[in-house]
file my_file_12.cif (mmCIF, C-alpha atoms)
data_data
#
loop_
_atom_site.label_atom_id
_atom_site.label_comp_id
_atom_site.auth_asym_id
_atom_site.auth_seq_id
_atom_site.Cartn_x
_atom_site.Cartn_y
_atom_site.Cartn_z
CA MET X 1 -57.28 -13.68 71.82
CA ARG X 2 -58.12 -14.70 68.22
CA THR X 3 -61.27 -16.82 67.70
CA ARG X 4 -61.67 -19.64 65.19
CA LYS X 5 -64.23 -17.56 63.26
CA GLN X 6 -61.80 -14.65 62.87
CA THR X 7 -59.04 -16.93 61.63
CA ARG X 8 -61.37 -18.55 59.05
CA ALA X 9 -62.47 -15.12 57.80
CA GLU X 10 -58.90 -14.01 57.30
CA GLU X 11 -58.06 -17.18 55.35
CA GLU X 12 -61.06 -16.63 53.03
CA ASN X 13 -59.99 -13.00 52.38
CA ALA X 14 -56.43 -14.12 51.55
CA ALA X 15 -57.73 -16.75 49.09
CA GLU X 16 -59.92 -14.17 47.35
CA ALA X 17 -56.94 -11.81 47.04
CA THR X 18 -54.86 -14.61 45.50
CA ASN X 19 -57.50 -15.53 42.93
CA ALA X 20 -58.29 -11.94 41.97
CA PRO X 21 -57.05 -10.99 38.44
CA THR X 22 -54.07 -8.74 38.44
CA THR X 23 -53.99 -5.56 36.40
CA PRO X 24 -51.11 -5.57 33.86
CA THR X 25 -48.60 -2.80 34.23
CA ALA X 26 -47.61 -0.92 31.05
CA VAL X 27 -43.95 -0.06 30.71
CA SER X 28 -42.91 2.52 28.12
CA ILE X 29 -39.41 2.76 26.70
CA THR X 30 -38.53 6.23 25.67
CA LYS X 31 -34.87 5.79 24.56
CA ILE X 32 -32.40 3.04 23.90
CA GLU X 33 -28.77 3.95 24.32
CA GLY X 34 -25.94 1.91 22.88
CA PRO X 35 -22.40 1.63 24.19
CA THR X 36 -20.40 4.80 24.15
CA VAL X 37 -17.56 4.88 21.60
CA SER X 38 -14.90 7.51 21.88
CA PRO X 39 -14.16 9.54 18.72
CA SER X 40 -10.57 8.31 18.58
CA LYS X 41 -11.64 4.69 18.74
CA ARG X 42 -14.31 5.22 16.08
CA ASP X 43 -11.86 6.90 13.76
CA ASP X 44 -9.24 4.22 14.23
CA ASP X 45 -11.71 1.55 13.27
CA HIS X 46 -12.27 3.17 9.89
CA THR X 47 -8.76 4.07 8.88
CA PRO X 48 -7.31 2.08 6.00
CA SER X 49 -4.43 0.84 8.09
CA SER X 50 -6.52 -0.65 10.88
CA GLY X 51 -6.88 -4.40 11.17
CA CYS X 52 -9.97 -6.35 10.22
CA ASN X 53 -11.26 -8.07 13.37
CA LYS X 54 -7.83 -9.56 14.01
CA PRO X 55 -5.52 -8.62 16.86
CA ARG X 56 -2.10 -7.25 16.17
CA SER X 57 0.99 -9.20 17.07
CA LYS X 58 1.48 -9.79 20.77
CA LEU X 59 5.23 -9.45 20.45
CA PRO X 60 6.80 -6.42 22.13
CA THR X 61 6.78 -3.42 19.84
CA PRO X 62 10.58 -2.83 19.90
CA VAL X 63 11.29 -6.30 18.49
CA GLN X 64 8.67 -6.33 15.72
CA PHE X 65 10.51 -4.35 13.04
CA PRO X 66 13.89 -6.07 13.66
CA LEU X 67 12.07 -9.38 13.29
CA VAL X 68 10.46 -8.19 10.04
CA ALA X 69 13.88 -7.14 8.69
CA VAL X 70 15.56 -10.42 9.65
CA LEU X 71 12.74 -12.51 8.20
CA SER X 72 12.69 -10.53 4.95
CA LEU X 73 16.44 -10.69 4.37
CA SER X 74 16.55 -14.38 5.32
CA LEU X 75 13.67 -15.30 3.02
CA SER X 76 15.26 -13.35 0.18
CA ALA X 77 18.63 -15.06 0.66
CA LEU X 78 16.97 -18.47 0.91
CA GLY X 79 14.88 -17.89 -2.19
CA TYR X 80 17.81 -16.77 -4.32
CA SER X 81 19.89 -19.71 -3.08
CA LEU X 82 17.21 -22.19 -4.09
CA ALA X 83 16.54 -20.44 -7.41
CA TRP X 84 20.19 -19.97 -8.37
CA PRO X 85 20.30 -23.04 -10.67
CA TYR X 86 17.35 -21.63 -12.65
CA THR X 87 18.50 -18.02 -12.91
CA LYS X 88 22.31 -18.01 -12.88
CA GLY X 89 22.66 -18.66 -16.60
CA ALA X 90 20.27 -15.86 -17.50
CA LEU X 91 21.06 -13.14 -14.97
CA ALA X 92 24.72 -13.78 -14.29
CA ALA X 93 25.75 -12.88 -17.83
CA HIS X 94 24.78 -9.24 -17.26
CA SER X 95 25.08 -8.98 -13.48
CA ARG X 96 27.69 -6.88 -11.75
CA VAL X 97 29.23 -8.21 -8.56
CA LEU X 98 29.15 -5.87 -5.57
CA SER X 99 32.89 -5.62 -5.12
CA THR X 100 33.19 -3.22 -2.18
CA ARG X 101 31.69 -3.03 1.28
CA THR X 102 30.32 0.39 0.44
CA GLU X 103 28.24 -0.94 -2.43
CA LEU X 104 27.03 -3.88 -0.37
CA GLY X 105 26.17 -1.53 2.48
CA ILE X 106 24.24 0.79 0.17
CA VAL X 107 22.14 -2.02 -1.28
CA THR X 108 21.46 -3.65 2.09
CA GLY X 109 20.84 -0.33 3.82
CA TRP X 110 18.36 0.72 1.16
CA ARG X 111 16.52 -2.57 1.52
CA LEU X 112 16.19 -2.03 5.26
CA PHE X 113 15.06 1.54 4.65
CA GLU X 114 12.34 0.28 2.30
CA LEU X 115 11.08 -2.12 4.98
CA ALA X 116 11.18 0.65 7.58
CA LEU X 117 9.11 2.96 5.38
CA GLY X 118 6.49 0.28 4.99
CA TRP X 119 6.46 -0.80 8.63
CA PHE X 120 6.45 2.60 10.32
CA GLY X 121 4.11 3.93 7.64
CA ASN X 122 1.60 1.39 9.00
CA TYR X 123 1.21 -0.44 5.68
CA ASP X 124 -0.13 -3.98 5.54
CA GLY X 125 0.98 -6.97 3.50
CA TYR X 126 -0.94 -5.92 0.38
CA ASP X 127 0.44 -2.39 0.52
CA ILE X 128 4.06 -3.50 0.80
CA THR X 129 3.55 -6.11 -1.93
CA ALA X 130 2.18 -3.50 -4.33
CA LEU X 131 4.99 -1.10 -3.48
CA ASN X 132 7.55 -3.86 -3.97
CA LEU X 133 6.12 -4.75 -7.38
CA LEU X 134 6.10 -1.11 -8.50
CA SER X 135 9.69 -0.50 -7.38
CA HIS X 136 11.24 -3.77 -8.59
CA GLY X 137 9.29 -3.99 -11.82
CA PRO X 138 11.25 -1.33 -13.79
CA PRO X 139 14.72 -2.97 -13.35
CA LEU X 140 13.29 -6.34 -14.31
CA TYR X 141 11.53 -4.87 -17.34
CA LEU X 142 14.86 -3.38 -18.41
CA LEU X 143 16.37 -6.87 -18.36
CA PHE X 144 13.44 -8.32 -20.26
CA ALA X 145 13.20 -5.63 -22.95
CA PHE X 146 16.87 -4.91 -23.71
CA TYR X 147 18.95 -7.78 -22.33
CA GLU X 148 16.75 -10.61 -23.65
CA ILE X 149 16.46 -12.32 -20.25
CA PRO X 150 13.90 -15.19 -20.29
CA PRO X 151 10.61 -14.19 -18.64
CA ALA X 152 10.63 -17.28 -16.40
CA ALA X 153 13.81 -16.15 -14.64
CA LEU X 154 12.40 -12.65 -14.12
CA LEU X 155 9.07 -13.95 -12.82
CA LEU X 156 10.93 -16.15 -10.37
CA THR X 157 12.95 -13.14 -9.22
CA ILE X 158 9.93 -10.91 -8.62
CA THR X 159 8.18 -13.79 -6.84
CA ILE X 160 11.07 -14.14 -4.41
CA GLU X 161 11.16 -10.39 -3.74
CA THR X 162 7.40 -10.24 -3.26
CA LEU X 163 7.20 -13.18 -0.85
CA ALA X 164 10.20 -11.92 1.11
CA THR X 165 8.29 -8.73 1.91
CA TYR X 166 4.72 -10.02 2.08
CA ILE X 167 5.24 -12.92 4.49
CA PRO X 168 6.87 -10.97 7.38
CA PHE X 169 4.28 -8.20 7.18
CA ARG X 170 1.42 -10.67 6.95
CA LEU X 171 2.64 -12.58 9.99
CA LEU X 172 3.07 -9.53 12.22
CA ARG X 173 0.36 -7.15 10.99
CA PRO X 174 -3.26 -7.85 9.98
CA LEU X 175 -4.67 -6.66 6.70
CA SER X 176 -6.50 -3.36 6.62
CA THR X 177 -10.26 -3.32 6.28
CA ALA X 178 -9.93 -1.90 2.77
CA HIS X 179 -7.98 -4.99 1.69
CA ALA X 180 -9.47 -7.69 3.91
CA ASP X 181 -13.17 -6.79 3.67
CA PRO X 182 -13.80 -3.84 1.31
CA SER X 183 -17.58 -4.17 1.74
CA THR X 184 -17.31 -2.92 5.35
CA ALA X 185 -14.83 -0.11 4.68
CA PRO X 186 -15.85 3.55 4.45
CA ASN X 187 -17.06 4.40 0.93
CA ALA X 188 -17.60 0.70 0.33
CA ASP X 189 -19.72 1.47 -2.72
CA ILE X 190 -16.54 2.73 -4.42
CA VAL X 191 -13.89 0.53 -2.81
CA ALA X 192 -15.73 -2.74 -3.47
CA ASP X 193 -17.07 -1.81 -6.92
CA ARG X 194 -15.47 -4.03 -9.57
CA PRO X 195 -16.12 -1.79 -12.60
CA ILE X 196 -14.44 1.10 -10.79
CA ALA X 197 -11.51 -1.16 -9.89
CA LEU X 198 -11.19 -2.21 -13.53
CA LEU X 199 -11.38 1.34 -14.87
CA THR X 200 -8.86 2.74 -12.39
CA THR X 201 -6.49 -0.13 -13.20
CA LEU X 202 -6.82 0.65 -16.91
CA LEU X 203 -6.22 4.34 -16.20
CA ALA X 204 -3.07 3.70 -14.17
CA GLY X 205 -1.78 1.19 -16.71
CA ALA X 206 -2.43 3.62 -19.58
CA ILE X 207 -0.50 6.36 -17.77
CA TYR X 208 2.50 4.06 -17.31
CA SER X 209 2.27 2.99 -20.96
CA VAL X 210 2.06 6.56 -22.33
CA THR X 211 4.88 7.76 -20.09
CA LEU X 212 7.22 4.97 -21.18
CA PHE X 213 6.29 5.43 -24.84
CA PHE X 214 6.94 9.17 -24.58
CA ALA X 215 10.38 8.49 -23.06
CA TYR X 216 11.19 6.05 -25.88
CA ALA X 217 10.16 8.66 -28.44
CA THR X 218 12.25 11.48 -26.94
CA TYR X 219 15.30 11.29 -24.71
CA LEU X 220 15.67 7.70 -23.52
CA PRO X 221 17.26 6.02 -26.59
CA ARG X 222 20.21 8.42 -26.51
CA TYR X 223 20.93 7.58 -22.88
CA LEU X 224 20.60 3.86 -23.60
CA VAL X 225 23.19 4.09 -26.36
CA VAL X 226 25.70 6.30 -24.53
CA TYR X 227 25.50 5.14 -20.91
CA PHE X 228 24.60 1.43 -21.19
CA ALA X 229 27.87 -0.06 -22.43
CA ASN X 230 26.86 -3.71 -22.67
CA LEU X 231 23.35 -3.21 -23.99
CA PRO X 232 22.82 -5.74 -26.81
CA SER X 233 20.30 -3.62 -28.74
CA ILE X 234 17.91 -0.67 -28.44
CA VAL X 235 15.54 -1.97 -31.10
CA PRO X 236 12.76 -2.56 -28.51
CA ALA X 237 12.76 1.18 -27.77
CA HIS X 238 12.00 1.99 -31.42
CA GLU X 239 9.51 -0.83 -31.90
CA ALA X 240 7.50 -0.09 -28.75
CA THR X 241 3.84 0.86 -29.10
CA TYR X 242 1.09 1.67 -26.64
CA VAL X 243 -0.44 -1.77 -27.13
CA ASN X 244 2.62 -3.99 -26.74
CA LEU X 245 3.55 -2.15 -23.55
CA LEU X 246 0.17 -2.83 -21.93
CA PRO X 247 0.87 -6.37 -20.63
CA VAL X 248 3.59 -4.93 -18.39
CA THR X 249 2.00 -1.59 -17.58
CA LEU X 250 -1.38 -3.09 -16.66
CA VAL X 251 0.30 -5.13 -13.94
CA LEU X 252 1.89 -1.94 -12.63
CA GLY X 253 -1.45 -0.18 -12.96
CA PHE X 254 -3.15 -2.83 -10.84
CA ALA X 255 -0.48 -2.45 -8.16
CA ALA X 256 -0.73 1.36 -8.28
CA ARG X 257 -4.50 1.23 -7.85
CA SER X 258 -4.13 -1.09 -4.85
CA PHE X 259 -1.45 1.08 -3.27
CA ILE X 260 -2.91 4.55 -3.92
CA PHE X 261 -6.58 4.55 -4.92
CA THR X 262 -8.05 1.87 -2.63
CA PRO X 263 -6.59 3.15 0.69
CA ALA X 264 -7.46 6.75 -0.21
CA GLU X 265 -11.09 5.95 -0.97
CA ALA X 266 -11.32 3.80 2.17
CA THR X 267 -10.34 6.80 4.30
CA GLU X 268 -13.25 8.31 6.18
CA ARG X 269 -14.08 11.85 5.09
CA ARG X 270 -14.22 13.93 8.26
CA PRO X 271 -15.42 17.54 8.33
CA GLU X 272 -12.41 19.82 8.18
CA ALA X 273 -11.94 22.70 10.59
CA GLU X 274 -12.77 26.04 9.01
CA PHE X 275 -9.85 28.30 8.24
CA ASP X 276 -10.14 31.93 9.28
CA PRO X 277 -7.58 34.01 7.34
CA MET X 278 -8.28 37.07 9.48
CA SER X 279 -7.14 35.47 12.75
CA ALA X 280 -4.66 32.88 11.43
CA THR X 281 -0.94 33.27 11.98
CA LEU X 282 1.59 33.16 9.16
CA ARG X 283 2.52 29.59 10.06
CA GLU X 284 -1.12 28.49 10.05
CA THR X 285 -1.71 30.21 6.72
CA VAL X 286 1.29 28.53 5.08
CA ARG X 287 0.29 25.16 6.48
CA TRP X 288 -3.28 25.57 5.25
CA ASN X 289 -2.16 26.51 1.75
CA PHE X 290 0.20 23.54 1.44
CA TRP X 291 -1.57 20.90 3.56
CA GLY X 292 -5.18 22.00 3.86
CA TRP X 293 -6.46 19.03 1.90
CA THR X 294 -9.11 16.47 2.76
CA ALA X 295 -8.05 13.24 4.46
CA PRO X 296 -8.29 11.09 1.27
CA THR X 297 -6.25 13.62 -0.71
CA LYS X 298 -3.55 13.58 1.96
CA VAL X 299 -3.37 9.79 1.65
CA VAL X 300 -2.93 10.12 -2.12
CA ILE X 301 -0.18 12.73 -1.71
CA ARG X 302 1.74 10.72 0.88
CA ARG X 303 1.56 7.45 -1.01
CA THR X 304 2.38 9.00 -4.37
CA ALA X 305 5.44 10.73 -2.91
CA LEU X 306 6.54 7.49 -1.27
CA LEU X 307 6.00 5.53 -4.48
CA ALA X 308 8.03 8.03 -6.52
CA LEU X 309 10.85 7.99 -3.95
CA VAL X 310 11.08 4.22 -3.57
CA THR X 311 10.68 3.54 -7.29
CA GLY X 312 13.28 6.13 -8.29
CA VAL X 313 15.94 5.17 -5.79
CA ASN X 314 15.49 1.41 -6.15
CA THR X 315 15.51 1.56 -9.97
CA PHE X 316 18.61 3.74 -9.94
CA LEU X 317 20.52 1.50 -7.51
CA GLN X 318 19.56 -1.71 -9.29
CA ALA X 319 20.62 -0.35 -12.68
CA ARG X 320 23.80 1.35 -11.47
CA LEU X 321 25.14 -1.22 -9.03
CA THR X 322 23.85 -4.59 -10.23
CA LEU X 323 24.09 -4.31 -14.05
CA GLU X 324 27.41 -4.41 -15.82
CA GLY X 325 28.31 -1.37 -17.92
CA VAL X 326 25.62 1.05 -16.69
CA GLU X 327 26.83 4.55 -15.83
CA THR X 328 25.24 7.03 -13.44
CA PRO X 329 23.52 9.25 -16.08
CA GLY X 330 22.02 6.20 -17.74
CA ALA X 331 20.66 4.82 -14.47
CA ALA X 332 19.24 8.24 -13.60
CA ALA X 333 17.54 8.55 -17.00
CA TRP X 334 15.96 5.10 -16.72
CA SER X 335 14.70 5.72 -13.19
CA SER X 336 13.30 9.15 -14.14
CA VAL X 337 10.79 7.50 -16.47
CA TRP X 338 9.23 5.55 -13.64
CA VAL X 339 9.30 8.44 -11.19
CA ILE X 340 7.33 10.55 -13.67
CA ALA X 341 4.92 7.67 -14.30
CA ALA X 342 4.34 7.20 -10.57
CA ALA X 343 3.73 10.91 -10.02
CA VAL X 344 1.30 11.25 -12.92
CA THR X 345 -0.51 8.07 -11.91
CA GLY X 346 -0.99 9.37 -8.38
CA LEU X 347 -2.31 12.64 -9.79
CA GLY X 348 -4.74 10.81 -12.07
CA LEU X 349 -6.04 8.45 -9.40
CA GLY X 350 -6.38 11.31 -6.93
CA THR X 351 -8.38 13.31 -9.45
CA VAL X 352 -10.72 10.39 -10.06
CA GLY X 353 -11.21 9.96 -6.32
CA ASN X 354 -12.22 13.60 -5.89
CA VAL X 355 -14.84 13.51 -8.62
#

call {"tool": "encode", "arguments": {"input": "my_file_12.cif", "output": "structure tokens"}}
result
Amino acid sequence: MRTRKQTRAEEENAAEATNAPTTPTAVSITKIEGPTVSPSKRDDDHTPSSGCNKPRSKLPTPVQFPLVAVLSLSLSALGYSLAWPYTKGALAAHSRVLSTRTELGIVTGWRLFELALGWFGNYDGYDITALNLLSHGPPLYLLFAFYEIPPAALLLTITIETLATYIPFRLLRPLSTAHADPSTAPNADIVADRPIALLTTLLAGAIYSVTLFFAYATYLPRYLVVYFANLPSIVPAHEATYVNLLPVTLVLGFAARSFIFTPAEATERRPEAEFDPMSATLRETVRWNFWGWTAPTKVVIRRTALLALVTGVNTFLQARLTLEGVETPGAAAWSSVWVIAAAVTGLGLGTVGNV
């Protein structure tokens, strides 16, 4: 049986324990670990084709490219319909009507193939716009330089073509980090540097200018005379200089830098696997010799090859099928100038990127 004195003593002891100062406990932190990121996810975040904090389209994948194709062709048809009163007097005088289903199928099929290359190549709206400008610029320059077409009509034409490709890609695919926010891309000190952008644009534009001037000074005038039946004059070919070509070639140089140099420099440089020639098979040796490049160099090679292909074929088809009086050798000669310019430009920009 508990007494009143025992109970009072216990209460006093409990009060003393409550009022007693507590000794602080020291907690040491030896390591802070962040969230685990898989290598594949980390690499995808730094590729030039990845989006910039924006989700991709929620539409089912099988319907995305057909939708891009339908939107592009519809916008192009709508644009030309609205612009017809402003361009028919200038372009119709030298235009050739696609008289057969084969010719119409070739032109339409090539247009769809262009869109497919851009879509399945994982290019964004800026990429496809630059590629479109580089591939449609040479036929329009031909009309401006030799057929005396007003610049306003040609600018309206290239605007329609550009918007018809840019808008569908922009709606269904976000911009890459290299284009949307260069300051956060790999090698941002190069990608976001304005003096480097200016110098590489000047380099690409100078290559286009020198290539075109060289063609004018050698083989191109003969092909213009022989294989362009309705050409009013070839005086611009003889009067061309490096300087008066620059307004056109600098625009192409800017597009070439955006399409080739920027994505290549924004590609993360990963350590390559070492090649052992003693244990490698013949297939591995051949592959290493032809494709054993760094990741940025591979981007340059792929995009330069694509640019040369699209520019050459599109320039040839536009000259051969849509201009009156142009024969196959003449269209091939005109397109060869721009294929060479694209190849040399890719080589030059790739060399600068490897310095």

call {"tool": "closest_residue", "arguments": {"input": "my_file_12.cif", "among": "X:Ala77, X:Leu131, X:Ala206, X:Val97", "to": "Thr157 of chain X", "atoms": "only C-alpha atoms"}}
result
X:Ala77

call {"tool": "atom_distance", "arguments": {"input": "my_file_12.cif", "atom1": "atom CA of Pro186 of chain X", "atom2": "atom CA of Arg269 of chain X"}}
result
8.5 Å

call {"tool": "closest_residue", "arguments": {"input": "my_file_12.cif", "among": "X:Arg320, X:Lys88, X:Arg287, X:His238", "to": "Ala153 of chain X", "atoms": "all atoms listed in the file"}}
result
X:Lys88

call {"tool": "closest_residue", "arguments": {"input": "my_file_12.cif", "among": "X:Leu202, X:Leu307, X:Ala319, X:Ala145", "to": "Ala240 of chain X", "atoms": "all atoms listed in the file"}}
result
X:Ala145

call {"tool": "resolve_selection", "arguments": {"input": "my_file_12.cif", "expression": "the PyMOL selection byres ((chain X and resi 91) around 9)", "output": "list in words"}}
result
Thr87, Lys88, Gly89, Ala90, Ala92, Ala93, His94, Ser95, Leu143, Ile149, Ala153 and Leu154 of chain X

call {"tool": "closest_residue", "arguments": {"input": "my_file_12.cif", "among": "X:Trp110, X:Tyr147, X:Phe214, X:Trp119", "to": "Ala229 of chain X", "atoms": "all atoms listed in the file"}}
result
X:Tyr147

call {"tool": "atom_distance", "arguments": {"input": "my_file_12.cif", "atom1": "atom CA of Leu82 of chain X", "atom2": "atom CA of Thr162 of chain X"}}
result
15.5 Å
